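Here the structure is laid out as structure tokens; the discussion comes afterwards.
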Amino acid sequence: MTKNLITGIGGFVASHLADLLLEKNEEVYGTYRWTEDLSRIKHIKEKITLIPADLLDLSSLIRALADNKPDYIFHLAAQSYVPDSFTNPIVTIETNTLGTVNLLEAVRLIKEYIDKEYDPVIHVCSSSEFYGKVDEHELPITENHPMRPGNQYAIGKVGADAAAYFYYNYYGLKIIRTRMFTHTGPRRTMMSAECNFAKQIALIEKGKQAPIIKHGNLNSVRTWADVRDAVKAYYLLVRKCKPGEVYNIGGKTVKSIGEMLDYLISLSTAKDRIKKEIDPNLVRKVDVNLQVVDVSKFENATGWKPEYTFEQTMQDLLDFWRKKTENELDR
């Protein structure tokens, strides 16, 4: 049976990927830190093998890989909340860059000293933040667009991207990089714009917040994808794409943050009462404000097409936050 290892198994995307792999009747192993919230995988916890490990502890990664020898490694663990990267820049870069180096070094050491036949396919998940601020004449963004990191999270991901490139070219590890654009859906709790709005709407509907939604820059443009389509893309990636290459992945719907907010409000039972108000604390000093992506390289390699509509994704996200806030209020 095919063995898959997901780093950061308790994460938002990781939990959906684990669901998909189990549906395919494949084995799922997942690394987690001792402080990690595993509530997203509570429904499948008995079906997967949990492995305590830390990206900053090389020995734990060697043990996790040597004991289980996964065929595919999905490296999804990261410090991925951009605001926290400003207050914790060193930990963010250590986790995202050095943590990736540690993982790749663990594979190299096992291959060189323990089992020369061990040769897994490794997916290193970089980010669209690699590209940073893009001018309109440069759209759509291809894989050849220059790096322009606009925050410490992006710096950490650029480092991870570079490490993956090096370990493929120098050591011959079968590494495939992705730069995923905006993806969201149920189980996402990181306070990205759409989650922030969905949570506020859910609280307004319950009478626990005044009918005013606080927001930052509404003019930023995103290409939206559903997390459930994203993990299907990752599944195809490791089976059909070429090691050493990098692939943009993203949805087909292009909307501004403001358009996304207006759509979420239109789904609310309180839509006639809700007002919008800018919060200066939510405005980034350097905003990645124009993300329109070219995913033709990945589509040509895999045949992947997104299945979830923007409207379904937003409905499911809002319903998730309605349920989550209800459960929290009932405690």
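Numbering starts fresh at 1 for the residues of each chain in the structure tokens, the chains themselves are lettered A, B, ... in the order given, and ligands are numbered from 1 as they appear.
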
Check your understanding: Quick one: DSSP alpha helix (DSSP H) residues in range 39-171 of chain A, as an NGL selection string?
Key -> :A and (58-68 or 82-87 or 89-93 or 99-109 or 152-171)

Range 25-30 of chain A environment, 9 Å, only C-alpha atoms, sequence neighbours closer than 6 positions dropped, as a CSV table (one decimal) with N, CA and C atoms, in the first residue's frame:
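What ended up in around07.csv:
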chain,number,residue,atom,x,y,z
A,1,MET,N,0.8,-1.2,0.0
A,1,MET,CA,0.0,0.0,0.0
A,1,MET,C,0.9,1.3,0.0
A,2,THR,N,0.5,2.3,-0.8
A,2,THR,CA,1.3,3.5,-0.9
A,2,THR,C,1.3,4.2,0.5
A,3,LYS,N,2.5,4.6,0.8
A,3,LYS,CA,2.7,5.4,2.1
A,3,LYS,C,2.9,6.9,1.8
A,4,ASN,N,2.1,7.7,2.5
A,4,ASN,CA,2.3,9.1,2.4
A,4,ASN,C,2.6,9.7,3.7
A,5,LEU,N,3.6,10.6,3.8
A,5,LEU,CA,3.9,11.4,5.0
A,5,LEU,C,3.6,12.9,4.8
A,6,ILE,N,2.8,13.4,5.7
A,6,ILE,CA,2.4,14.9,5.6
A,6,ILE,C,3.1,15.5,6.8
A,7,THR,N,3.9,16.5,6.6
A,7,THR,CA,4.4,17.3,7.7
A,7,THR,C,3.4,18.3,8.2
A,8,GLY,N,3.2,18.5,9.5
A,8,GLY,CA,2.2,19.4,10.0
A,8,GLY,C,0.8,18.9,9.8
A,9,ILE,N,0.6,17.6,10.2
A,9,ILE,CA,-0.7,16.9,9.9
A,9,ILE,C,-1.9,17.7,10.4
A,10,GLY,N,-1.7,18.4,11.5
A,10,GLY,CA,-2.9,19.1,12.1
A,10,GLY,C,-3.3,20.4,11.4
A,14,ALA,N,-3.3,20.3,5.4
A,14,ALA,CA,-2.9,18.9,5.7
A,14,ALA,C,-4.1,18.0,6.0
A,18,ALA,N,-5.1,14.6,4.0
A,18,ALA,CA,-5.2,13.3,4.7
A,18,ALA,C,-6.6,12.7,4.4
A,47,LYS,N,-7.3,6.6,12.0
A,47,LYS,CA,-7.0,6.0,10.7
A,47,LYS,C,-5.6,6.3,10.2
A,48,ILE,N,-4.9,7.2,10.9
A,48,ILE,CA,-3.6,7.7,10.5
A,48,ILE,C,-2.6,7.4,11.5
A,49,THR,N,-1.3,7.4,11.1
A,49,THR,CA,-0.2,7.2,12.1
A,49,THR,C,0.4,8.6,12.4
A,50,LEU,N,0.3,9.0,13.7
A,50,LEU,CA,0.8,10.2,14.1
A,50,LEU,C,2.2,10.1,14.6
A,51,ILE,N,3.1,11.0,14.2
A,51,ILE,CA,4.5,10.9,14.5
A,51,ILE,C,5.0,12.2,15.1
A,52,PRO,N,5.4,12.2,16.4
A,52,PRO,CA,5.9,13.4,17.0
A,52,PRO,C,7.2,13.8,16.4
A,68,ASN,N,9.5,4.8,8.8
A,68,ASN,CA,8.3,4.6,8.0
A,68,ASN,C,8.5,4.5,6.5
A,70,PRO,N,8.2,6.6,3.8
A,70,PRO,CA,7.1,7.0,2.9
A,70,PRO,C,7.5,7.1,1.5

Point to revise | Best match for closeness to Thr325 in chain A among A:Ser266, A:Gln79, A:Gln200, A:Ser15, counting only C-alpha atoms | key: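 Once distances to Thr325 in chain A are computed over only C-alpha atoms, the minimum belongs to A:Gln200.
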
Select from range 189-223 of chain A every residue with an atom at most 7 Å from any atom of range 278-289 of chain A, then for each give the shortest pair of atoms and their distance in Å to one decimal, using only C-alpha atoms, rows by chain and rising number, as a Markdown table.
| residue | atom | partner | partner_atom | distance |
| --- | --- | --- | --- | --- |
| A:Lys214 | CA | A:Ile278 | CA | 5.5 |
| A:His215 | CA | A:Ile278 | CA | 4.9 |
| A:Gly216 | CA | A:Leu282 | CA | 4.5 |
| A:Asn217 | CA | A:Val283 | CA | 5.7 |
| A:Ser220 | CA | A:Asn289 | CA | 4.1 |
| A:Val221 | CA | A:Asn289 | CA | 5.6 |

Exercise for review: Write out as a PyMOL selection string all residues of range 73-162 of chain A that backbone DSSP assigns to strand (DSSP E).
Suggested key: chain A and resi 73-75+121-125

Those selected residues, please, written with N, CA, C and O atoms and delivered as a CSV table (one decimal), in the first residue's frame.
chain,number,residue,atom,x,y,z
A,73,ILE,N,6.3,12.4,0.2
A,73,ILE,CA,6.4,13.3,1.4
A,73,ILE,C,5.8,14.6,0.9
A,73,ILE,O,6.2,15.2,-0.1
A,74,PHE,N,4.7,15.1,1.6
A,74,PHE,CA,4.1,16.4,1.4
A,74,PHE,C,4.6,17.3,2.5
A,74,PHE,O,4.1,17.2,3.7
A,75,HIS,N,5.4,18.2,2.2
A,75,HIS,CA,6.0,19.1,3.2
A,75,HIS,C,5.1,20.4,3.3
A,75,HIS,O,5.2,21.4,2.6
A,121,VAL,N,9.4,10.7,-3.5
A,121,VAL,CA,9.0,12.0,-4.2
A,121,VAL,C,8.6,13.0,-3.1
A,121,VAL,O,7.8,12.6,-2.2
A,122,ILE,N,9.2,14.1,-3.1
A,122,ILE,CA,9.0,15.1,-2.1
A,122,ILE,C,8.3,16.4,-2.7
A,122,ILE,O,8.9,17.0,-3.6
A,123,HIS,N,7.2,16.7,-2.1
A,123,HIS,CA,6.6,18.0,-2.5
A,123,HIS,C,6.9,19.1,-1.5
A,123,HIS,O,6.6,19.0,-0.3
A,124,VAL,N,7.6,20.1,-1.9
A,124,VAL,CA,7.9,21.3,-1.1
A,124,VAL,C,7.0,22.4,-1.5
A,124,VAL,O,7.0,22.9,-2.6
A,125,CYS,N,6.1,22.7,-0.5
A,125,CYS,CA,5.1,23.7,-0.7
A,125,CYS,C,5.6,25.1,-0.5
A,125,CYS,O,5.8,25.5,0.7

What's the 7 Å shell around Glu129 in chain A, counting only C-alpha atoms, without same-chain residues fewer than 2 positions away, as a short mmCIF file (atom, residue, chain, number, x, y, z; two decimals) with C-alpha atoms, in the first residue's frame?
data_model
loop_
_atom_site.label_atom_id
_atom_site.label_comp_id
_atom_site.auth_asym_id
_atom_site.auth_seq_id
_atom_site.Cartn_x
_atom_site.Cartn_y
_atom_site.Cartn_z
CA SER A 127 3.96 30.12 -1.81
CA TYR A 131 6.40 36.76 -6.16
CA GLY A 132 5.40 39.64 -3.86
CA PRO A 149 9.24 38.84 -0.94
CA ALA A 154 7.68 35.17 2.18
#

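Note that CA of Leu103 in chain A and CA of Leu65 in chain A are 9.2 Å apart.
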
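You can rank A:Glu46, A:Glu136, A:Asp54, A:Glu194 by their closest distance to Ala77 in chain A using only C-alpha atoms, and at the top of that list sits A:Asp54.
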
Review point. Near Ala66 in chain A, within 9 Å and counting only C-alpha atoms, which residues show up once chain neighbours fewer than 3 positions away are dropped, as a PyMOL selection string?
Key: chain A and resi 61-63+69-70+106-107+110+114-115

Practice item. Find the spatial neighbours of range 158-163 of chain A, counting only C-alpha atoms, within a cut-off of 8 Å - ignore same-chain residues fewer than 3 positions away - and output them as a PyMOL selection string. Key: chain A and resi 96-98+100-101+124-126+130+147+149+154-155+166-167+177

Exercise for review: Give me the residues within 10 Å of range 301-314 of chain A as JSON, numbers by chain, counting only C-alpha atoms and dropping any in the same chain fewer than 4 places off.
Suggested key: {"A": [183, 184, 185, 186, 194, 195, 198, 223, 224, 225, 226, 227, 228, 229, 230, 232, 233, 234, 236, 237, 238, 239, 240, 241, 242, 247, 249, 250, 251, 252, 253, 254, 255, 260, 261, 263, 264, 267, 295, 296, 297, 318, 319, 320]}

Exercise for review: Pick out the closest residue to Lys116 in chain A from this set: A:Leu173, A:Ala164, A:Ile257, A:Met180. Count only C-alpha atoms.
Suggested key: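 The answer is A:Leu173, which sits nearest to Lys116 in chain A.
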